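K.L.:
So I've got this file, start.tsv, and it contains TSV, C-alpha atoms:
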chain	number	residue	atom	x	y	z
B	428	MET	CA	39.13	32.56	87.16
B	429	THR	CA	40.47	33.92	90.47
B	430	THR	CA	39.13	33.27	93.96
B	431	THR	CA	37.59	36.75	93.85
B	432	ASP	CA	35.84	35.92	90.57
B	433	LEU	CA	34.41	32.72	92.04
B	434	LEU	CA	33.16	34.49	95.18
B	435	ASN	CA	31.64	37.28	93.10
B	436	GLU	CA	29.92	34.72	90.89
B	437	LEU	CA	28.44	33.01	93.96
B	438	ARG	CA	27.30	36.36	95.39
B	439	THR	CA	25.66	37.33	92.10
B	440	GLU	CA	23.90	33.97	91.94
B	441	TRP	CA	22.78	34.36	95.56
B	442	ARG	CA	21.18	37.76	94.94
B	443	ARG	CA	18.96	36.04	92.37
B	444	VAL	CA	18.35	32.75	94.18
B	445	GLY	CA	17.84	34.28	97.62
B	446	ARG	CA	14.99	36.50	96.46
B	447	ARG	CA	13.04	34.14	94.22
B	448	SER	CA	9.54	33.00	95.22
B	449	SER	CA	10.70	29.69	96.70
B	450	ALA	CA	13.17	31.60	98.92
B	451	ARG	CA	10.34	33.81	100.14
B	452	SER	CA	8.31	30.70	100.96
B	453	ALA	CA	11.28	29.15	102.76
B	454	ALA	CA	11.69	32.30	104.89
B	455	ARG	CA	8.01	32.14	105.88
B	456	ARG	CA	8.35	28.47	106.86
B	457	LEU	CA	11.37	29.28	109.02
B	458	ASP	CA	9.36	31.95	110.82
B	459	GLU	CA	6.46	29.54	111.37
B	460	ARG	CA	8.63	26.68	112.63
B	461	TYR	CA	10.99	28.79	114.75
B	462	PRO	CA	8.88	31.68	116.13
B	463	ASP	CA	11.45	32.41	118.85
B	464	LEU	CA	13.88	33.57	116.12
B	465	GLU	CA	11.56	36.45	115.20
B	466	LEU	CA	12.06	36.22	111.46
B	467	GLY	CA	8.66	37.64	110.50
B	468	ALA	CA	10.11	40.89	109.19
B	469	GLN	CA	12.41	39.04	106.75
B	470	GLU	CA	10.80	38.81	103.32
B	471	ASP	CA	13.15	36.21	101.84
B	472	LEU	CA	16.32	34.24	102.53
B	473	CYS	CA	18.55	37.13	101.48
B	474	ASP	CA	17.09	39.04	104.42
B	475	VAL	CA	17.63	36.05	106.73
B	476	VAL	CA	21.28	35.73	105.67
B	477	ALA	CA	21.74	39.48	106.23
B	478	LEU	CA	20.84	38.90	109.90
B	479	LEU	CA	23.88	36.65	110.20
B	480	GLU	CA	26.36	39.36	109.25
B	481	SER	CA	28.41	40.82	112.08
B	482	ARG	CA	26.98	44.29	111.49
B	483	SER	CA	23.38	43.13	112.03
B	484	ARG	CA	21.58	43.93	115.25
B	485	ARG	CA	21.34	40.29	116.27
B	486	SER	CA	23.63	39.07	119.06
B	487	VAL	CA	26.16	36.30	118.61
B	488	LEU	CA	23.86	33.85	120.40
B	489	GLU	CA	20.87	34.87	118.27
B	490	ARG	CA	22.89	34.39	115.09
B	491	ALA	CA	23.98	30.96	116.33
B	492	GLU	CA	20.34	29.96	116.85
B	493	ILE	CA	19.43	31.07	113.33
B	494	LEU	CA	22.30	28.98	111.96
B	495	ARG	CA	21.09	26.01	114.02
B	496	ALA	CA	17.64	26.38	112.44
B	497	LEU	CA	19.08	26.68	108.94
B	498	LEU	CA	21.01	23.44	109.38
B	499	GLN	CA	17.90	21.69	110.66
B	500	GLU	CA	16.06	22.80	107.51
B	501	ALA	CA	18.98	22.34	105.10
B	502	SER	CA	17.22	19.57	103.17
B	503	ASP	CA	15.35	22.43	101.51
B	504	PRO	CA	17.51	23.47	98.49
B	505	ASP	CA	16.98	27.18	99.12
B	506	VAL	CA	17.90	26.91	102.80
B	507	HIS	CA	20.90	24.77	101.81
B	508	ARG	CA	22.05	27.56	99.49
B	509	ALA	CA	21.44	30.20	102.17
B	510	LEU	CA	23.58	28.32	104.67
B	511	LEU	CA	26.30	27.85	102.06
B	512	GLN	CA	26.27	31.56	101.31
B	513	THR	CA	26.58	32.68	104.90
B	514	LEU	CA	29.49	30.30	105.49
B	515	LEU	CA	31.54	31.48	102.49
B	516	PRO	CA	33.82	33.75	104.58
B	517	GLY	CA	34.55	30.75	106.79
B	518	VAL	CA	35.29	28.63	103.73
B	519	VAL	CA	37.87	31.17	102.59
B	520	SER	CA	39.41	31.12	106.09
B	521	VAL	CA	39.66	27.31	105.97
B	522	CYS	CA	41.40	27.53	102.59
B	523	ARG	CA	43.81	30.10	103.98
B	524	GLN	CA	44.61	27.83	106.94
B	525	LEU	CA	45.57	25.16	104.42
B	526	ARG	CA	47.41	27.75	102.27
B	527	PHE	CA	45.04	27.05	99.37
B	528	GLY	CA	46.90	23.78	98.78
B	529	GLU	CA	50.14	25.57	97.97
B	530	GLY	CA	52.64	23.14	96.46
B	531	ILE	CA	49.83	20.72	95.55
B	532	ILE	CA	47.23	22.76	93.64
B	533	GLU	CA	48.32	25.21	90.98
B	534	GLU	CA	45.44	27.69	91.25
B	535	PRO	CA	43.95	28.86	94.58
B	536	ASN	CA	40.49	29.10	92.98
B	537	GLU	CA	40.57	25.34	92.38
B	538	THR	CA	41.03	24.71	96.10
B	539	LEU	CA	38.26	27.18	96.91
B	540	SER	CA	35.93	25.57	94.37
B	541	VAL	CA	36.53	22.14	95.89
B	542	ALA	CA	36.02	23.55	99.40
B	543	VAL	CA	32.64	24.98	98.38
B	544	SER	CA	31.65	21.62	96.87
B	545	LEU	CA	32.77	19.74	99.99
B	546	LEU	CA	30.80	22.10	102.22
B	547	SER	CA	27.74	21.53	100.05
B	548	GLU	CA	28.20	17.78	100.57
B	549	LEU	CA	28.52	18.33	104.33
B	550	LEU	CA	25.25	20.26	104.38
B	551	VAL	CA	23.53	17.33	102.69
B	552	ASP	CA	25.04	14.89	105.18
B	553	TRP	CA	24.20	17.00	108.24
B	554	ALA	CA	20.79	18.35	107.17
B	555	GLY	CA	18.24	17.91	109.96
B	556	GLN	CA	20.79	17.97	112.76
B	557	SER	CA	20.43	20.40	115.67
B	558	ARG	CA	23.84	21.82	116.55
B	559	GLN	CA	24.32	24.68	118.97
B	560	TYR	CA	27.56	25.64	117.24
B	561	ALA	CA	26.58	24.77	113.68
B	562	ALA	CA	28.98	27.15	111.91
B	563	PRO	CA	32.22	26.22	113.72
B	564	ASP	CA	31.26	22.52	113.64
B	565	LEU	CA	30.69	22.63	109.87
B	566	LEU	CA	33.89	24.55	109.18
B	567	SER	CA	35.92	22.21	111.38
B	568	ALA	CA	34.54	19.21	109.48
B	569	LEU	CA	35.21	20.99	106.19
B	570	ARG	CA	38.83	21.57	107.16
B	571	GLY	CA	39.26	17.83	107.76
B	572	ARG	CA	37.64	16.88	104.45
B	573	LEU	CA	39.59	19.47	102.49
B	574	ARG	CA	42.86	18.41	104.07
B	575	ARG	CA	42.16	14.77	103.14
B	576	TRP	CA	41.33	15.82	99.58
B	577	LEU	CA	44.60	17.74	99.32
B	578	LEU	CA	46.57	14.74	100.55
B	579	LYS	CA	44.84	12.48	98.02
B	580	GLU	CA	45.41	15.05	95.28
B	581	LYS	CA	49.06	15.24	96.20
B	582	GLY	CA	49.41	11.47	95.90
B	583	ALA	CA	47.45	11.35	92.64
B	584	ARG	CA	49.44	14.14	91.00
B	585	ARG	CA	52.66	12.51	92.05
B	586	THR	CA	51.52	9.35	90.26
B	587	LEU	CA	50.26	11.07	87.11
B	588	SER	CA	52.91	13.72	86.42
B	589	PRO	CA	54.54	14.26	84.09
B	590	ILE	CA	52.52	12.80	81.23
B	591	ASP	CA	53.94	13.15	77.75
B	592	ALA	CA	54.58	11.08	74.68
B	593	ALA	CA	57.63	9.44	76.21
B	594	ASP	CA	55.45	8.15	79.06
B	595	GLN	CA	52.91	6.43	76.83
B	596	PRO	CA	53.60	2.86	78.14
B	597	ALA	CA	53.10	4.05	81.71
B	598	LEU	CA	49.91	5.83	80.66
B	599	GLU	CA	48.54	2.61	79.21
B	600	SER	CA	48.90	0.88	82.59
B	601	SER	CA	47.82	3.89	84.67
B	602	PRO	CA	45.48	2.96	87.55
B	603	LEU	CA	43.53	6.14	86.82
B	604	LEU	CA	43.09	5.13	83.18
B	605	THR	CA	41.90	1.69	84.28
B	606	ARG	CA	39.31	3.22	86.61
B	607	LEU	CA	38.12	5.62	83.91
B	608	GLU	CA	37.73	2.82	81.40
B	609	GLY	CA	35.67	0.90	83.94
B	610	LEU	CA	33.29	3.84	84.29
B	611	ARG	CA	32.81	4.34	80.55
B	612	GLY	CA	29.44	3.34	79.11
B	613	GLY	CA	27.62	3.58	82.45
B	614	GLU	CA	25.89	6.37	84.34
B	615	HIS	CA	29.23	8.18	84.77
B	616	ASP	CA	30.24	7.96	81.08
B	617	ARG	CA	30.07	11.73	80.48
B	618	LEU	CA	32.32	12.66	83.41
B	619	ALA	CA	34.69	9.76	82.69
B	620	ARG	CA	35.16	11.00	79.12
B	621	LEU	CA	35.63	14.61	80.24
B	622	THR	CA	38.16	13.57	82.88
B	623	TYR	CA	40.11	11.58	80.28
B	624	ALA	CA	40.16	14.59	77.95
B	625	ARG	CA	41.31	16.88	80.77
B	626	VAL	CA	44.03	14.62	82.21
B	627	PHE	CA	45.33	12.59	79.31
B	628	GLU	CA	44.67	14.89	76.37
B	629	GLY	CA	45.49	18.11	78.21
B	630	ARG	CA	42.41	19.92	76.96
B	631	SER	CA	41.51	23.14	78.77
B	632	LEU	CA	38.56	23.38	81.12
B	633	ARG	CA	37.14	26.25	79.06
B	634	GLU	CA	37.21	24.15	75.87
B	635	LEU	CA	35.60	21.17	77.58
B	636	ALA	CA	32.90	23.35	79.12
B	637	ALA	CA	32.10	24.92	75.75
B	638	ASN	CA	31.73	21.50	74.11
B	639	ASP	CA	29.69	20.24	77.09
B	640	HIS	CA	27.44	23.33	77.04
B	641	SER	CA	28.15	24.00	80.71
B	642	ALA	CA	29.74	26.79	82.76
B	643	PRO	CA	33.46	26.27	83.49
B	644	VAL	CA	33.03	26.73	87.26
B	645	SER	CA	30.14	24.22	87.34
B	646	LEU	CA	32.03	21.69	85.24
B	647	GLN	CA	35.11	22.10	87.43
B	648	SER	CA	33.06	21.31	90.54
B	649	GLU	CA	31.48	18.30	88.82
B	650	LEU	CA	34.86	16.88	87.77
B	651	GLN	CA	36.33	17.42	91.22
B	652	LEU	CA	33.46	15.69	93.01
B	653	PHE	CA	33.58	12.88	90.43
B	654	ALA	CA	37.29	12.40	91.15
B	655	ILE	CA	36.75	12.42	94.92
B	656	ARG	CA	33.92	9.89	94.78
B	657	HIS	CA	35.11	7.54	92.06
B	658	LEU	CA	38.80	7.99	91.27
B	659	LEU	CA	40.77	8.75	94.44
Output the structure of this file as structure tokens.
P.N.:
Amino acid sequence: MTTTDLLNELRTEWRRVGRRSSARSAARRLDERYPDLELGAQEDLCDVVALLESRSRRSVLERAEILRALLQEASDPDVHRALLQTLLPGVVSVCRQLRFGEGIIEEPNETLSVAVSLLSELLVDWAGQSRQYAAPDLLSALRGRLRRWLLKEKGARRTLSPIDAADQPALESSPLLTRLEGLRGGEHDRLARLTYARVFEGRSLRELAANDHSAPVSLQSELQLFAIRHLL
């Protein structure tokens, strides 16, 4: 999957999610809670996000106020997804600034996928906050988190590569293997087993996703967040 494929997949998902009944209800609540934003003509969150595009009739300051409101209401899953969607161009720009992890990550789409996941985490952490410059603040924080992830990934890959039959004794004493074994049998057993299969058995993401009955892009995000939280 390329970065374009991932972005297209997110856009396709958004066209469905942003117009469902809960998104229509969320748009009405935004209008009720923030009457000064004049969102009454927007039927759903897709319409609200459209106001944030540069070609909309809203001024830069008006768009900033809508973003501030979205962040304040980001504990709502639909608003969270709306804010994520409108920030996707900024996410791509952040990845470009960090050269998509060139020299550390093999595929640019992997860096983009992690960046999207990290932004989603940021939105959870910052939900309810009132920030005048919500978009640039979020993207600046994302850049810091993504850069730290890349540095950790660089260190981890240096430790783990190459892995082949000749390296079996080193594999047995691998710190990563030790951590994975410690997570087996508990609430993280599934992701620990999948990570082992991916790293130590060299099985493809597509194969693992098929056996796990999940979408490759979703599984990739799960494994990356699992690694960030529990392995690095």
K.L.:
Of the candidates B:Ser449, B:Ser544, B:Ser557, B:Ser481, which one gets nearest to Leu498 in chain B if we count only C-alpha atoms?
P.N.:
B:Ser557
K.L.:
List as an NGL selection string: which residues have an atom within 12 Å of (32.2, 10.8, 91.8), counting all atoms listed in the file?
P.N.:
:B and (544 or 548 or 606-607 or 610 or 614-619 or 622 or 648-659)
K.L.:
Here is a test: counting all atoms listed in the file, which residue of B:Arg611, B:Arg558, B:Arg490, B:Arg574 is nearest to Glu529 in chain B?
P.N.:
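Residue with the minimum atom-to-atom distance to Glu529 in chain B: B:Arg574.
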K.L.:
Expressed in Å to a single decimal, how great is the separation between CA of Thr513 in chain B and CA of Ala561 in chain B?
P.N.:
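These two atoms are separated by 11.8 Å.
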K.L.:
Using all atoms listed in the file - which residues lie no farther than 9 Å from the point (31.3, 19.8, 105.3) in the file's frame? Write them as a list in words.
P.N.:
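Answer for this query, in the requested form: Ala542, Val543, Ser544, Leu545, Leu546, Ser547, Glu548, Leu549, Leu550, Val551, Asp552, Trp553, Asp564, Leu565, Leu566, Ser567, Ala568, Leu569, Arg570, Gly571, Arg572 and Leu573 of chain B.
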K.L.:
Which residue, B:Val518, B:Leu433, B:Ile532, B:Val506, has the smallest gap to Ala450 in chain B when you use only C-alpha atoms?
P.N.:
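Answer, going by the shortest atom-to-atom distance: B:Val506.
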K.L.:
Using only C-alpha atoms, pick whichever of B:Leu514, B:Ala509, B:Leu577, B:Arg495 has the shortest atom-to-atom distance to Glu533 in chain B.
P.N.:
B:Leu577
K.L.:
Do you have the CA of Arg446 in chain B-CA of Ser483 in chain B distance handy?
P.N.:
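Spanning CA of Arg446 in chain B to CA of Ser483 in chain B is a straight-line distance of 18.9 Å.
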K.L.:
Counting only C-alpha atoms, which of B:Ala496, B:Arg482, B:His507, B:Asn536 gets nearest to Leu466 in chain B?
P.N.:
B:Ala496
K.L.:
In Å, how far is it from CA of Ser502 in chain B to CA of Ala554 in chain B?
P.N.:
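Value for the CA of Ser502 in chain B-CA of Ala554 in chain B distance: 5.5 Å.
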K.L.:
With distances taken over all atoms listed in the file, which residue among B:Gly555, B:Gly467, B:Pro516, B:Gly582 lies nearest Leu497 in chain B?
P.N.:
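Comparing B:Gly555, B:Gly467, B:Pro516, B:Gly582 against Leu497 in chain B, the winner is B:Gly555.
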K.L.:
With the input short on atoms, add all heavy atoms back to range 470-481 of chain B and write it as a compact mmCIF listing (two decimals), in the frame of the given file.
P.N.:
# COMPACT_ATOMS: atom_id res chain seq x y z
N GLU B 470 11.65 39.17 104.45
CA GLU B 470 10.80 38.81 103.32
C GLU B 470 11.29 37.57 102.58
O GLU B 470 10.49 36.85 101.97
CB GLU B 470 10.70 39.98 102.34
CG GLU B 470 9.98 41.19 102.93
CD GLU B 470 9.77 42.28 101.90
OE1 GLU B 470 10.17 42.07 100.73
OE2 GLU B 470 9.22 43.33 102.25
N ASP B 471 12.60 37.35 102.58
CA ASP B 471 13.15 36.21 101.84
C ASP B 471 14.45 35.77 102.51
O ASP B 471 14.84 36.30 103.56
CB ASP B 471 13.40 36.59 100.37
CG ASP B 471 14.20 37.88 100.24
OD1 ASP B 471 15.17 38.06 101.01
OD2 ASP B 471 13.88 38.70 99.36
N LEU B 472 15.11 34.79 101.91
CA LEU B 472 16.32 34.24 102.53
C LEU B 472 17.50 35.20 102.45
O LEU B 472 18.42 35.11 103.27
CB LEU B 472 16.66 32.89 101.89
CG LEU B 472 15.71 31.76 102.24
CD1 LEU B 472 16.10 30.47 101.50
CD2 LEU B 472 15.69 31.49 103.74
N CYS B 473 17.50 36.10 101.48
CA CYS B 473 18.55 37.13 101.48
C CYS B 473 18.49 37.95 102.76
O CYS B 473 19.52 38.27 103.36
CB CYS B 473 18.41 38.04 100.26
SG CYS B 473 19.16 37.39 98.76
N ASP B 474 17.26 38.27 103.18
CA ASP B 474 17.09 39.04 104.42
C ASP B 474 17.52 38.22 105.63
O ASP B 474 18.11 38.75 106.57
CB ASP B 474 15.63 39.47 104.57
CG ASP B 474 15.22 40.52 103.55
OD1 ASP B 474 16.11 41.15 102.96
OD2 ASP B 474 14.01 40.70 103.35
N VAL B 475 17.23 36.92 105.61
CA VAL B 475 17.63 36.05 106.73
C VAL B 475 19.15 35.99 106.82
O VAL B 475 19.74 36.12 107.90
CB VAL B 475 17.03 34.64 106.56
CG1 VAL B 475 17.59 33.70 107.64
CG2 VAL B 475 15.51 34.68 106.64
N VAL B 476 19.82 35.80 105.69
CA VAL B 476 21.28 35.73 105.67
C VAL B 476 21.88 37.06 106.14
O VAL B 476 22.91 37.07 106.82
CB VAL B 476 21.78 35.36 104.26
CG1 VAL B 476 23.28 35.59 104.12
CG2 VAL B 476 21.46 33.89 103.96
N ALA B 477 21.23 38.17 105.80
CA ALA B 477 21.74 39.48 106.23
C ALA B 477 21.77 39.59 107.75
O ALA B 477 22.63 40.27 108.32
CB ALA B 477 20.88 40.59 105.64
N LEU B 478 20.85 38.88 108.43
CA LEU B 478 20.84 38.90 109.90
C LEU B 478 22.08 38.24 110.49
O LEU B 478 22.42 38.48 111.65
CB LEU B 478 19.59 38.17 110.42
CG LEU B 478 18.23 38.82 110.16
CD1 LEU B 478 17.14 37.92 110.70
CD2 LEU B 478 18.16 40.21 110.77
N LEU B 479 22.73 37.40 109.70
CA LEU B 479 23.88 36.65 110.20
C LEU B 479 25.20 37.39 110.02
O LEU B 479 26.24 36.91 110.45
CB LEU B 479 23.95 35.30 109.48
CG LEU B 479 22.72 34.40 109.71
CD1 LEU B 479 22.75 33.21 108.76
CD2 LEU B 479 22.65 33.95 111.14
N GLU B 480 25.15 38.56 109.40
CA GLU B 480 26.36 39.36 109.25
C GLU B 480 26.69 40.04 110.58
O GLU B 480 25.81 40.36 111.37
CB GLU B 480 26.16 40.40 108.15
CG GLU B 480 25.94 39.77 106.78
CD GLU B 480 25.68 40.80 105.70
OE1 GLU B 480 25.67 42.02 106.03
OE2 GLU B 480 25.48 40.40 104.54
N SER B 481 27.97 40.26 110.81
CA SER B 481 28.41 40.82 112.08
C SER B 481 27.84 42.20 112.36
O SER B 481 27.68 42.60 113.51
CB SER B 481 29.94 40.87 112.13
OG SER B 481 30.44 41.64 111.06
